[in-house]
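Engineer: The following file, entry.cif, comprises mmCIF, C-alpha atoms:
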```cif
data_query
#
loop_
_atom_site.label_atom_id
_atom_site.label_comp_id
_atom_site.auth_asym_id
_atom_site.auth_seq_id
_atom_site.Cartn_x
_atom_site.Cartn_y
_atom_site.Cartn_z
CA MET A 70 18.42 -26.44 29.33
CA LYS A 71 14.84 -25.35 29.73
CA TRP A 72 15.87 -21.68 29.84
CA PHE A 73 18.33 -22.11 27.03
CA ASN A 74 15.66 -23.58 24.78
CA PHE A 75 13.22 -20.91 25.86
CA ILE A 76 15.60 -18.19 24.76
CA LEU A 77 16.26 -19.95 21.44
CA ARG A 78 12.55 -20.29 20.79
CA LEU A 79 12.00 -16.66 21.62
CA GLY A 80 14.86 -15.54 19.38
CA LEU A 81 14.01 -17.71 16.39
CA GLY A 82 10.25 -17.21 16.71
CA GLY A 83 10.69 -13.50 17.24
CA PHE A 84 12.87 -13.18 14.15
CA PHE A 85 10.23 -14.89 12.04
CA ILE A 86 7.51 -12.64 13.43
CA TYR A 87 9.63 -9.63 12.53
CA ALA A 88 10.45 -10.95 9.06
CA GLY A 89 6.80 -11.78 8.40
CA VAL A 90 5.40 -8.47 9.62
CA GLU A 91 7.85 -6.52 7.45
CA LYS A 92 6.46 -8.37 4.44
CA ILE A 93 2.82 -8.06 5.49
CA ILE A 94 3.29 -4.29 5.65
CA ASP A 95 4.35 -4.18 2.00
CA PRO A 96 2.85 -7.10 0.05
CA ALA A 97 3.41 -5.47 -3.32
CA GLY A 98 7.07 -4.91 -2.56
CA PHE A 99 7.48 -8.48 -1.35
CA ALA A 100 5.77 -9.81 -4.47
CA LYS A 101 8.28 -7.85 -6.51
CA SER A 102 11.15 -9.31 -4.49
CA ILE A 103 9.87 -12.84 -5.13
CA GLY A 104 9.44 -12.04 -8.80
CA ASN A 105 13.06 -10.92 -8.99
CA TYR A 106 14.20 -14.44 -8.16
CA LYS A 107 12.58 -15.58 -11.42
CA MET A 108 11.93 -19.02 -9.94
CA LEU A 109 8.14 -19.07 -9.93
CA PRO A 110 5.63 -18.65 -12.73
CA LEU A 111 4.23 -15.13 -12.45
CA ASP A 112 0.85 -16.52 -11.42
CA GLY A 113 2.36 -18.00 -8.27
CA VAL A 114 4.25 -14.93 -7.17
CA ASN A 115 1.37 -13.04 -5.59
CA LEU A 116 -0.06 -16.14 -3.91
CA LEU A 117 3.26 -16.78 -2.22
CA ALA A 118 3.61 -13.11 -1.28
CA ILE A 119 0.16 -13.22 0.32
CA THR A 120 0.57 -16.48 2.25
CA LEU A 121 4.24 -16.86 3.18
CA PRO A 122 4.47 -13.90 5.61
CA TRP A 123 1.50 -15.17 7.61
CA ILE A 124 2.96 -18.65 7.78
CA GLU A 125 6.15 -17.08 9.13
CA VAL A 126 4.30 -15.01 11.72
CA LEU A 127 2.05 -17.86 12.83
CA GLY A 128 4.86 -20.44 12.98
CA GLY A 129 7.23 -18.01 14.70
CA GLY A 130 4.57 -16.85 17.14
CA LEU A 131 3.51 -20.36 18.16
CA LEU A 132 7.14 -21.41 18.56
CA ALA A 133 7.87 -18.37 20.73
CA ILE A 134 4.92 -18.97 23.06
CA GLY A 135 5.65 -22.70 23.18
CA VAL A 136 2.74 -24.25 21.30
CA TRP A 137 3.54 -27.33 19.19
CA ARG A 138 7.22 -26.60 19.63
CA ARG A 139 8.69 -29.32 17.46
CA GLY A 140 6.11 -28.93 14.73
CA ASN A 141 6.75 -25.20 14.45
CA ALA A 142 10.52 -25.64 14.66
CA LEU A 143 10.22 -28.13 11.80
CA LEU A 144 8.10 -25.70 9.81
CA ILE A 145 10.69 -22.97 10.28
CA ALA A 146 13.51 -25.35 9.37
CA GLY A 147 11.63 -26.19 6.17
CA LEU A 148 11.21 -22.52 5.31
CA LEU A 149 14.90 -21.85 5.96
CA ILE A 150 15.92 -24.67 3.63
CA VAL A 151 13.71 -23.21 0.90
CA PHE A 152 15.24 -19.75 1.51
CA ILE A 153 18.78 -21.10 1.35
CA VAL A 154 18.03 -22.87 -1.92
CA ALA A 155 16.42 -19.74 -3.36
CA VAL A 156 19.31 -17.45 -2.40
CA GLY A 157 21.89 -20.00 -3.56
CA SER A 158 20.12 -20.41 -6.87
CA ALA A 159 19.91 -16.65 -7.39
CA MET A 160 23.64 -16.32 -6.68
CA HIS A 161 24.41 -19.21 -8.99
CA ARG A 162 22.51 -17.48 -11.79
CA GLY A 163 24.39 -14.28 -11.10
CA LEU A 164 21.31 -12.30 -10.10
CA ASN A 165 22.15 -9.06 -8.35
CA ILE A 166 18.88 -8.70 -6.43
CA GLU A 167 17.46 -7.74 -3.08
CA CYS A 168 16.99 -10.69 -0.81
CA GLY A 169 13.47 -9.72 0.29
CA CYS A 170 14.21 -11.75 3.41
CA THR A 171 12.99 -9.26 5.97
CA GLY A 172 10.88 -7.05 3.78
CA THR A 173 12.12 -4.39 1.44
CA VAL A 174 13.28 -1.87 4.04
CA GLY A 175 17.06 -1.60 4.33
CA GLY A 176 17.19 -4.46 1.85
CA GLN A 177 20.02 -6.93 1.98
CA LYS A 178 21.41 -8.35 -1.22
CA VAL A 179 21.46 -12.06 -1.86
CA GLY A 180 24.90 -13.37 -0.94
CA PHE A 181 26.91 -15.66 1.27
CA THR A 182 26.18 -13.57 4.37
CA LYS A 183 22.51 -14.38 3.95
CA ILE A 184 23.20 -18.06 3.41
CA PHE A 185 25.35 -18.28 6.54
CA GLU A 186 22.73 -16.39 8.54
CA ASN A 187 20.10 -18.84 7.42
CA LEU A 188 22.36 -21.81 8.17
CA GLY A 189 22.79 -20.44 11.69
CA LEU A 190 19.04 -20.12 12.12
CA LEU A 191 18.62 -23.60 10.65
CA ALA A 192 21.00 -24.98 13.29
CA VAL A 193 18.85 -23.39 16.01
CA ALA A 194 15.69 -24.86 14.48
CA GLY A 195 17.36 -28.27 14.22
CA TRP A 196 18.42 -28.10 17.85
CA LEU A 197 14.86 -27.31 18.92
CA ILE A 198 13.41 -30.17 16.87
CA TRP A 199 15.90 -32.47 18.54
CA LYS A 200 15.70 -31.25 22.13
CA GLU A 201 12.28 -29.75 22.63
CA LYS A 202 9.27 -31.64 23.77
CA GLU A 203 6.44 -32.13 21.32
CA MET B 100 8.11 -37.40 14.24
CA TRP B 101 4.94 -38.08 12.25
CA ARG B 102 2.94 -35.90 14.60
CA THR B 103 5.58 -33.19 14.31
CA LEU B 104 5.26 -33.23 10.55
CA GLN B 105 1.48 -33.16 10.74
CA ARG B 106 1.58 -30.16 13.03
CA ALA B 107 4.03 -28.34 10.77
CA LEU B 108 1.64 -28.89 7.88
CA VAL B 109 -1.38 -27.75 9.88
CA VAL B 110 0.37 -24.50 10.83
CA THR B 111 1.47 -23.99 7.21
CA ILE B 112 -2.07 -24.39 5.95
CA ALA B 113 -3.51 -22.25 8.75
CA GLY B 114 -0.97 -19.52 8.00
CA ALA B 115 -1.78 -19.64 4.29
CA VAL B 116 -5.51 -19.42 4.96
CA LEU B 117 -4.92 -16.49 7.33
CA GLY B 118 -2.88 -14.75 4.66
CA LEU B 119 -5.50 -15.29 1.98
CA ALA B 120 -8.23 -14.01 4.30
CA ALA B 121 -6.18 -11.03 5.48
CA ASN B 122 -5.44 -10.02 1.91
CA ALA B 123 -9.16 -9.88 1.18
CA VAL B 124 -9.70 -7.16 3.78
CA SER B 125 -6.31 -5.46 3.79
CA PRO B 126 -6.08 -1.88 2.51
CA ARG B 127 -2.79 -2.98 0.91
CA ARG B 128 -4.31 -6.00 -0.81
CA ILE B 129 -2.75 -7.26 -4.01
CA PRO B 130 -4.47 -9.37 -6.65
CA TYR B 131 -4.36 -13.09 -5.89
CA ILE B 132 -3.32 -14.20 -9.33
CA ALA B 133 -2.49 -11.22 -11.50
CA PRO B 134 1.24 -10.86 -12.00
CA PRO B 135 2.84 -8.18 -9.85
CA VAL B 136 3.72 -4.88 -11.39
CA VAL B 137 6.47 -5.54 -13.86
CA ASN B 138 8.18 -3.05 -16.06
CA VAL B 139 6.40 -3.18 -19.36
CA PRO B 140 8.51 -3.02 -22.53
CA SER B 141 7.53 0.61 -23.11
CA ASP B 142 9.61 1.43 -20.03
CA PHE B 143 12.63 0.69 -22.14
CA ILE B 144 14.02 3.19 -24.57
CA PRO B 145 15.58 1.83 -27.77
CA PHE B 146 19.32 2.34 -27.98
CA ASP B 147 19.25 4.60 -31.05
CA GLU B 148 16.66 6.83 -29.42
CA ALA B 149 18.71 7.10 -26.25
CA GLN B 150 21.73 7.98 -28.34
CA ALA B 151 19.81 10.75 -30.14
CA LEU B 152 18.60 12.16 -26.84
CA TRP B 153 22.14 12.12 -25.51
CA ARG B 154 23.52 13.93 -28.56
CA SER B 155 20.85 16.63 -28.47
CA GLY B 156 21.27 16.98 -24.71
CA GLU B 157 17.50 16.65 -24.32
CA ALA B 158 17.69 13.95 -21.69
CA ILE B 159 19.62 13.65 -18.46
CA PHE B 160 21.27 10.27 -18.00
CA LEU B 161 21.30 8.73 -14.53
CA ASP B 162 23.60 5.84 -13.64
CA ALA B 163 21.89 3.59 -11.07
CA ARG B 164 24.96 1.57 -10.15
CA ALA B 165 27.11 1.81 -7.04
CA PRO B 166 29.61 4.71 -6.90
CA ALA B 167 32.58 2.37 -7.40
CA ASP B 168 31.13 0.99 -10.65
CA TYR B 169 30.26 4.49 -11.77
CA ALA B 170 33.79 5.73 -11.09
CA ALA B 171 35.25 2.82 -13.06
CA GLY B 172 33.43 4.03 -16.16
CA HIS B 173 30.08 5.56 -17.11
CA ILE B 174 28.21 7.15 -19.96
CA GLY B 175 29.53 10.65 -20.60
CA ASN B 176 27.63 13.40 -18.74
CA ALA B 177 25.65 10.82 -16.77
CA PHE B 178 25.08 11.55 -13.10
CA ASN B 179 25.39 8.85 -10.48
CA VAL B 180 22.22 8.18 -8.47
CA PRO B 181 22.75 4.73 -6.96
CA ALA B 182 19.40 3.00 -6.52
CA GLU B 183 20.76 1.48 -3.31
CA ASN B 184 21.45 4.85 -1.74
CA PHE B 185 18.94 7.02 -3.51
CA ASP B 186 18.27 9.71 -0.94
CA ALA B 187 21.90 10.70 -0.44
CA HIS B 188 22.56 11.08 -4.17
CA TYR B 189 19.26 12.42 -5.38
CA SER B 190 19.41 15.95 -4.00
CA PRO B 191 22.37 17.17 -6.10
CA VAL B 192 20.60 16.27 -9.34
CA ALA B 193 17.11 17.28 -8.18
CA GLY B 194 17.87 20.92 -8.99
CA MET B 195 18.42 20.06 -12.64
CA LEU B 196 15.13 18.23 -13.03
CA THR B 197 11.53 19.22 -13.53
CA PRO B 198 8.65 16.75 -13.39
CA ALA B 199 8.57 16.60 -17.20
CA SER B 200 12.33 16.25 -17.69
CA ARG B 201 13.38 13.44 -19.96
CA ILE B 202 15.38 11.02 -17.88
CA VAL B 203 17.21 7.92 -19.04
CA THR B 204 18.32 5.48 -16.34
CA TYR B 205 20.71 2.62 -16.84
CA CYS B 206 22.81 0.06 -15.06
CA ASP B 207 24.68 -2.88 -16.53
CA GLY B 208 23.75 -6.39 -17.56
CA LEU B 209 20.49 -7.77 -18.91
CA GLU B 210 19.38 -8.90 -15.45
CA CYS B 211 20.34 -5.74 -13.62
CA ASP B 212 17.35 -4.28 -11.81
CA LEU B 213 18.99 -1.20 -10.31
CA SER B 214 17.74 1.00 -13.15
CA HIS B 215 14.22 -0.33 -12.50
CA HIS B 216 14.46 0.55 -8.82
CA LEU B 217 15.76 4.00 -9.65
CA THR B 218 13.00 4.51 -12.23
CA ASP B 219 10.37 3.44 -9.69
CA ARG B 220 11.69 5.92 -7.14
CA LEU B 221 11.74 8.76 -9.65
CA ARG B 222 8.19 8.00 -10.74
CA GLN B 223 7.07 7.96 -7.12
CA LEU B 224 8.51 11.47 -6.88
CA GLY B 225 6.37 12.57 -9.81
CA TYR B 226 8.72 12.35 -12.78
CA THR B 227 6.65 11.24 -15.74
CA ASN B 228 9.23 10.91 -18.47
CA VAL B 229 11.65 8.28 -17.21
CA HIS B 230 12.97 5.49 -19.43
CA ILE B 231 15.40 2.67 -18.99
CA LEU B 232 18.26 1.93 -21.33
CA LYS B 233 18.55 -1.81 -20.99
CA ASN B 234 22.03 -3.18 -20.37
CA GLY B 235 23.02 0.48 -20.70
CA TRP B 236 26.69 0.60 -19.77
CA THR B 237 27.63 -2.42 -21.88
CA VAL B 238 25.78 -1.37 -25.04
CA TRP B 239 27.03 2.20 -24.74
CA ARG B 240 30.66 1.20 -24.29
CA ASN B 241 30.50 -1.47 -26.99
CA ALA B 242 29.14 1.11 -29.41
CA GLY B 243 32.23 3.22 -28.76
CA LEU B 244 30.25 6.25 -27.57
CA ALA B 245 31.49 8.91 -25.16
CA THR B 246 32.30 7.66 -21.72
CA SER B 247 34.14 9.02 -18.72
CA THR B 248 35.67 7.70 -15.54
CA GLY B 249 35.91 9.04 -12.02
CA GLY B 250 33.35 10.28 -9.57
CA GLN B 251 32.12 13.21 -11.65
CA PRO B 252 29.98 13.30 -14.83
#
```
Would you encode the structure as structure tokens?

Structural biologist:
Amino acid sequence: MKWFNFILRLGLGGFFIYAGVEKIIDPAGFAKSIGNYKMLPLDGVNLLAITLPWIEVLGGGLLAIGVWRRGNALLIAGLLIVFIVAVGSAMHRGLNIECGCTGTVGGQKVGFTKIFENLGLLAVAGWLIWKEKE
Amino acid sequence: MWRTLQRALVVTIAGAVLGLAANAVSPRRIPYIAPPVVNVPSDFIPFDEAQALWRSGEAIFLDARAPADYAAGHIGNAFNVPAENFDAHYSPVAGMLTPASRIVTYCDGLECDLSHHLTDRLRQLGYTNVHILKNGWTVWRNAGLATSTGGQP
């Protein structure tokens, strides 16, 4: 179990590091992606584009190295829920936009694939919150 | 659980502070509050103007949608340069363009941003005279103007 959880933490944390770094590399592009969702007032778009990637990298990094495991798993679960809601809302409004999920390179469109991916990651995060030590 | 929640919040705040600090020193910094670059209204070309350009043959029309949508119907003489797969489709039309060429891009639907992506890419390449025909395919077809189908202009 210890090894199993270790691998899950590494995978989930690593994915968030990757996703965050891709956005940190291109903040203007990520801001544009957020803007495309048309969910935030324009004033909030850049602030989110500046802060969110670092929260992903920090939370993912700490989870991967095993610091505050449940806290960081909870943080990532929270982010995933927000992402699922955002993608679902964009689909519901018929927006044909880039997801912006892992930066703007090789962009994925919003769609059910993305939602299922995020649900899978959410299941991993939930497992870690449940099974990991504090 | 309370401690878990507290820690999640601490990491969130720490991450946000890190991001705000990093943006201050980053060479790729963006303004904290100013809205991101959006396409200003002047990026759009009015429909009657686009129509006049099309008739006179002064402008080249580029369809930013996917090849399947293009084949199902497009503005007559428009070339397909899907924003999603720009590099593969750009080279055939590049020979017809100069940096000052008048270019009209379009996709379909009021929310469609493919024409914006295509316009951005073209501007990055140095084209200075690129305009977007908003909701292009729909307004063109509804006006009963020349259209064609298939993979060729």

Engineer: Restricting the calculation to all atoms listed in the file, which member of A:Arg162, A:Lys202, A:Gly130, A:Ile153 is positioned closest to Ile86 in chain A?

Structural biologist: A:Gly130

Engineer: Would you give me, as JSON, numbers by chain, the residues of chain B that come within 8 Å of chain A, using only C-alpha atoms?

Structural biologist: {"B": [102, 103, 104, 105, 106, 107, 108, 110, 111, 112, 113, 114, 115, 116, 117, 118, 119, 122, 127, 128, 129, 130, 131, 132, 133, 134, 135, 136, 137, 210, 211, 212]}

Engineer: Which neighbours of range 150-167 of chain B fall inside 6 Å, counting all atoms listed in the file, when residues of the same chain fewer than 4 positions from it are skipped, and could you give them as a PyMOL selection string?

Structural biologist: chain B and resi 177-182+201-206+213-214

Engineer: In Å, rounded to a single decimal, give me how far CA of Asp142 in chain B is from CA of Asp219 in chain B.

Structural biologist: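 Answer for the CA of Asp219 in chain B to CA of Asp142 in chain B separation: 10.6 Å.
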
Engineer: Please, what distance in Å, to one decimal, runs between CA of Lys92 in chain A and CA of Ile134 in chain A?

Structural biologist: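 These atoms are spaced 21.5 Å apart.
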
Engineer: With distances taken over all atoms listed in the file, which residue among A:Met108, A:Leu132, A:Ile76, A:Ile150 lies nearest Ala192 in chain A?

Structural biologist: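 The closest residue to Ala192 in chain A is A:Ile150.
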
Engineer: Given only C-alpha atoms as the basis, pick out the residue of A:Gly82, A:Gly135, A:Gly157, A:Gly129 nearest to Leu188 in chain A.

Structural biologist: A:Gly157

Engineer: Which residues are near Ile184 in chain A? Cut-off 12 Å, all atoms listed in the file, ignore same chain within fewer than 4 positions. Put them as a ChimeraX atom specification.

Structural biologist: /A:149-160,168,170,177-180,188-191
